[in-house]
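Here the structure is laid out as structure tokens; the discussion comes afterwards.
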Amino acid sequence: MSNIQEKSFATSKKYFDDRNFPRGFQRAGDFTRAQAIILETKGVALKELHEGVRQPETDEEVHFVATCLGQEQPQTDVEKAWASYVKALQRKQIYFTASSAAVSDGGGSDDMDDDD
């Protein structure tokens, strides 16, 4: 990570994804300690670049955006950490249920609505 310019991925905020990782990145079990530190310290900038909210300013940021678009393979520690984060999010959105009742929208069943 020492080959990354000081200006690359600069942000003054720490990144937390309490919705998907309520116990933090280090305790999630999806990331190495180094990846968790990268996500916490640079995650705000990475998310903004990934979503197109922030324009890339350095060569590293340009390559990161290309990686996010699938045009390049992750090469740096930062890119690999973000790829692990995106992959972990995709895994967390897969839900398995044992019956259709578990995915009900709360409208109730038909036999409960009958007035006999």
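In the structure tokens, chains take the letters A, B, ... in the order shown, each chain's residues start at 1, and ligands count up from 1 in the order shown.
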Which residues come within 10 Å of stretch 63-71 of chain A, counting only C-alpha atoms, excluding same-chain residues fewer than 3 positions away, as a PyMOL selection string? chain A and resi 9+46+49-52+55-56+58-60+74-76+78-80+82-83+86
What does the file look like for those residues with N, CA and C atoms, as a JSON list (two decimals), in the first residue's frame?
[["chain", "number", "residue", "atom", "x", "y", "z"],
["A", 9, "PHE", "N", -7.62, 8.59, -2.62],
["A", 9, "PHE", "CA", -8.64, 8.10, -1.69],
["A", 9, "PHE", "C", -8.66, 8.88, -0.39],
["A", 46, "LEU", "N", -13.89, 5.50, -1.37],
["A", 46, "LEU", "CA", -14.10, 4.37, -2.27],
["A", 46, "LEU", "C", -15.56, 4.26, -2.69],
["A", 49, "LEU", "N", -16.40, 7.08, -5.15],
["A", 49, "LEU", "CA", -15.85, 6.78, -6.47],
["A", 49, "LEU", "C", -16.65, 5.67, -7.15],
["A", 50, "HIS", "N", -17.00, 4.65, -6.41],
["A", 50, "HIS", "CA", -17.77, 3.52, -6.95],
["A", 50, "HIS", "C", -19.13, 3.97, -7.46],
["A", 51, "GLU", "N", -19.78, 4.87, -6.74],
["A", 51, "GLU", "CA", -21.11, 5.34, -7.10],
["A", 51, "GLU", "C", -21.09, 6.49, -8.10],
["A", 52, "GLY", "N", -19.92, 7.02, -8.41],
["A", 52, "GLY", "CA", -19.82, 8.12, -9.36],
["A", 52, "GLY", "C", -20.08, 9.49, -8.77],
["A", 55, "GLN", "N", -15.29, 12.34, -8.57],
["A", 55, "GLN", "CA", -14.49, 12.12, -9.76],
["A", 55, "GLN", "C", -13.07, 11.71, -9.37],
["A", 56, "PRO", "N", -12.49, 10.74, -10.08],
["A", 56, "PRO", "CA", -11.12, 10.34, -9.77],
["A", 56, "PRO", "C", -10.12, 11.46, -10.05],
["A", 58, "THR", "N", -6.52, 10.95, -9.21],
["A", 58, "THR", "CA", -5.17, 10.41, -9.37],
["A", 58, "THR", "C", -5.25, 9.16, -10.25],
["A", 59, "ASP", "N", -4.09, 8.69, -10.68],
["A", 59, "ASP", "CA", -4.04, 7.47, -11.50],
["A", 59, "ASP", "C", -4.60, 6.27, -10.74],
["A", 60, "GLU", "N", -4.33, 6.20, -9.44],
["A", 60, "GLU", "CA", -4.84, 5.09, -8.64],
["A", 60, "GLU", "C", -6.37, 5.12, -8.58],
["A", 74, "PRO", "N", -8.79, -6.30, -9.92],
["A", 74, "PRO", "CA", -8.20, -5.66, -8.73],
["A", 74, "PRO", "C", -6.73, -6.05, -8.59],
["A", 75, "GLN", "N", -5.88, -5.03, -8.41],
["A", 75, "GLN", "CA", -4.45, -5.27, -8.29],
["A", 75, "GLN", "C", -3.88, -4.77, -6.97],
["A", 76, "THR", "N", -4.30, -3.59, -6.54],
["A", 76, "THR", "CA", -3.76, -3.02, -5.31],
["A", 76, "THR", "C", -4.53, -3.55, -4.10],
["A", 78, "VAL", "N", -6.04, -1.78, -1.94],
["A", 78, "VAL", "CA", -7.28, -1.02, -1.83],
["A", 78, "VAL", "C", -8.34, -1.62, -2.75],
["A", 79, "GLU", "N", -7.97, -1.91, -3.97],
["A", 79, "GLU", "CA", -8.93, -2.50, -4.93],
["A", 79, "GLU", "C", -9.39, -3.88, -4.48],
["A", 80, "LYS", "N", -8.48, -4.66, -3.94],
["A", 80, "LYS", "CA", -8.83, -6.00, -3.45],
["A", 80, "LYS", "C", -9.75, -5.91, -2.23],
["A", 82, "TRP", "N", -11.89, -3.46, -1.57],
["A", 82, "TRP", "CA", -13.21, -3.04, -2.04],
["A", 82, "TRP", "C", -13.92, -4.19, -2.77],
["A", 83, "ALA", "N", -13.19, -4.97, -3.54],
["A", 83, "ALA", "CA", -13.78, -6.13, -4.23],
["A", 83, "ALA", "C", -14.31, -7.13, -3.20],
["A", 86, "VAL", "N", -17.60, -5.65, -1.80],
["A", 86, "VAL", "CA", -18.72, -5.79, -2.73],
["A", 86, "VAL", "C", -19.19, -7.24, -2.77]]
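Of the listed residues (A:Gln90, A:Leu39, A:Glu61, A:Ser12), A:Leu39 comes nearest to A:Gly24; the distances count only C-alpha atoms.
Across the model, the gap from atom CA of A:Asp18 to atom CA of A:Val44 is 13.4 Å.
Counting from atom CA of A:Tyr15, the distance to atom CA of A:Lys87 is 17.3 Å.
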Need the shell around A:Ala81: protein/DNA/RNA residues with any atom at most 7 Å away, counting only C-alpha atoms. Skip same-chain ones fewer than 3 positions apart. Format as an mmCIF file with C-alpha atoms, in the first residue's frame?
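Output (result.cif):
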data_model
loop_
_atom_site.group_PDB
_atom_site.id
_atom_site.type_symbol
_atom_site.label_atom_id
_atom_site.label_comp_id
_atom_site.auth_asym_id
_atom_site.auth_seq_id
_atom_site.Cartn_x
_atom_site.Cartn_y
_atom_site.Cartn_z
ATOM 1 C CA GLN A 35 -8.713 -4.942 4.484
ATOM 2 C CA ILE A 38 -8.530 0.096 4.456
ATOM 3 C CA LEU A 39 -12.339 0.020 4.402
ATOM 4 C CA ASP A 77 -4.634 -3.744 -1.693
ATOM 5 C CA VAL A 78 -7.283 -1.015 -1.834
ATOM 6 C CA SER A 84 -14.039 -8.230 -1.046
ATOM 7 C CA TYR A 85 -16.518 -5.714 0.381
#
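Neighbouring residues of A:Glu40 at 10 Å or closer, counting only C-alpha atoms and skipping chain neighbours under 5 positions away, are Lys13, Lys14, Tyr15, Phe16, Asp17, Gly24, Phe25, Gln26, Ala34 and Gln35 of chain A.
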Using N, CA and C atoms, can you export the residues from the last selection as a PDB file, in the first residue's frame?
ATOM      1  N   LYS A  13     -13.325  11.298   6.903  1.00  0.00           N
ATOM      2  CA  LYS A  13     -14.311  10.515   7.640  1.00  0.00           C
ATOM      3  C   LYS A  13     -13.955   9.038   7.634  1.00  0.00           C
ATOM      4  N   LYS A  14     -14.322   8.366   8.704  1.00  0.00           N
ATOM      5  CA  LYS A  14     -14.207   6.910   8.753  1.00  0.00           C
ATOM      6  C   LYS A  14     -15.496   6.318   8.186  1.00  0.00           C
ATOM      7  N   TYR A  15     -15.359   5.176   7.537  1.00  0.00           N
ATOM      8  CA  TYR A  15     -16.507   4.527   6.907  1.00  0.00           C
ATOM      9  C   TYR A  15     -16.992   3.363   7.764  1.00  0.00           C
ATOM     10  N   PHE A  16     -18.278   3.367   8.041  1.00  0.00           N
ATOM     11  CA  PHE A  16     -18.925   2.284   8.765  1.00  0.00           C
ATOM     12  C   PHE A  16     -20.171   1.885   8.006  1.00  0.00           C
ATOM     13  N   ASP A  17     -20.396   0.607   7.853  1.00  0.00           N
ATOM     14  CA  ASP A  17     -21.606   0.095   7.215  1.00  0.00           C
ATOM     15  C   ASP A  17     -22.375  -0.683   8.273  1.00  0.00           C
ATOM     16  N   GLY A  24     -18.897  -4.206  12.841  1.00  0.00           N
ATOM     17  CA  GLY A  24     -17.675  -3.640  12.286  1.00  0.00           C
ATOM     18  C   GLY A  24     -17.036  -4.573  11.273  1.00  0.00           C
ATOM     19  N   PHE A  25     -16.147  -4.024  10.471  1.00  0.00           N
ATOM     20  CA  PHE A  25     -15.489  -4.809   9.435  1.00  0.00           C
ATOM     21  C   PHE A  25     -14.535  -5.847  10.016  1.00  0.00           C
ATOM     22  N   GLN A  26     -13.849  -5.502  11.099  1.00  0.00           N
ATOM     23  CA  GLN A  26     -12.867  -6.417  11.666  1.00  0.00           C
ATOM     24  C   GLN A  26     -13.515  -7.639  12.309  1.00  0.00           C
ATOM     25  N   ALA A  34      -6.055  -6.065   7.555  1.00  0.00           N
ATOM     26  CA  ALA A  34      -5.593  -4.985   6.677  1.00  0.00           C
ATOM     27  C   ALA A  34      -6.739  -4.461   5.807  1.00  0.00           C
ATOM     28  N   GLN A  35      -7.573  -5.372   5.292  1.00  0.00           N
ATOM     29  CA  GLN A  35      -8.713  -4.942   4.484  1.00  0.00           C
ATOM     30  C   GLN A  35      -9.701  -4.137   5.314  1.00  0.00           C
TER      31      GLN A  35
END
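If you look at atom CA of A:Asp30 and atom CA of A:Gln73, they are 19.7 Å away from each other.
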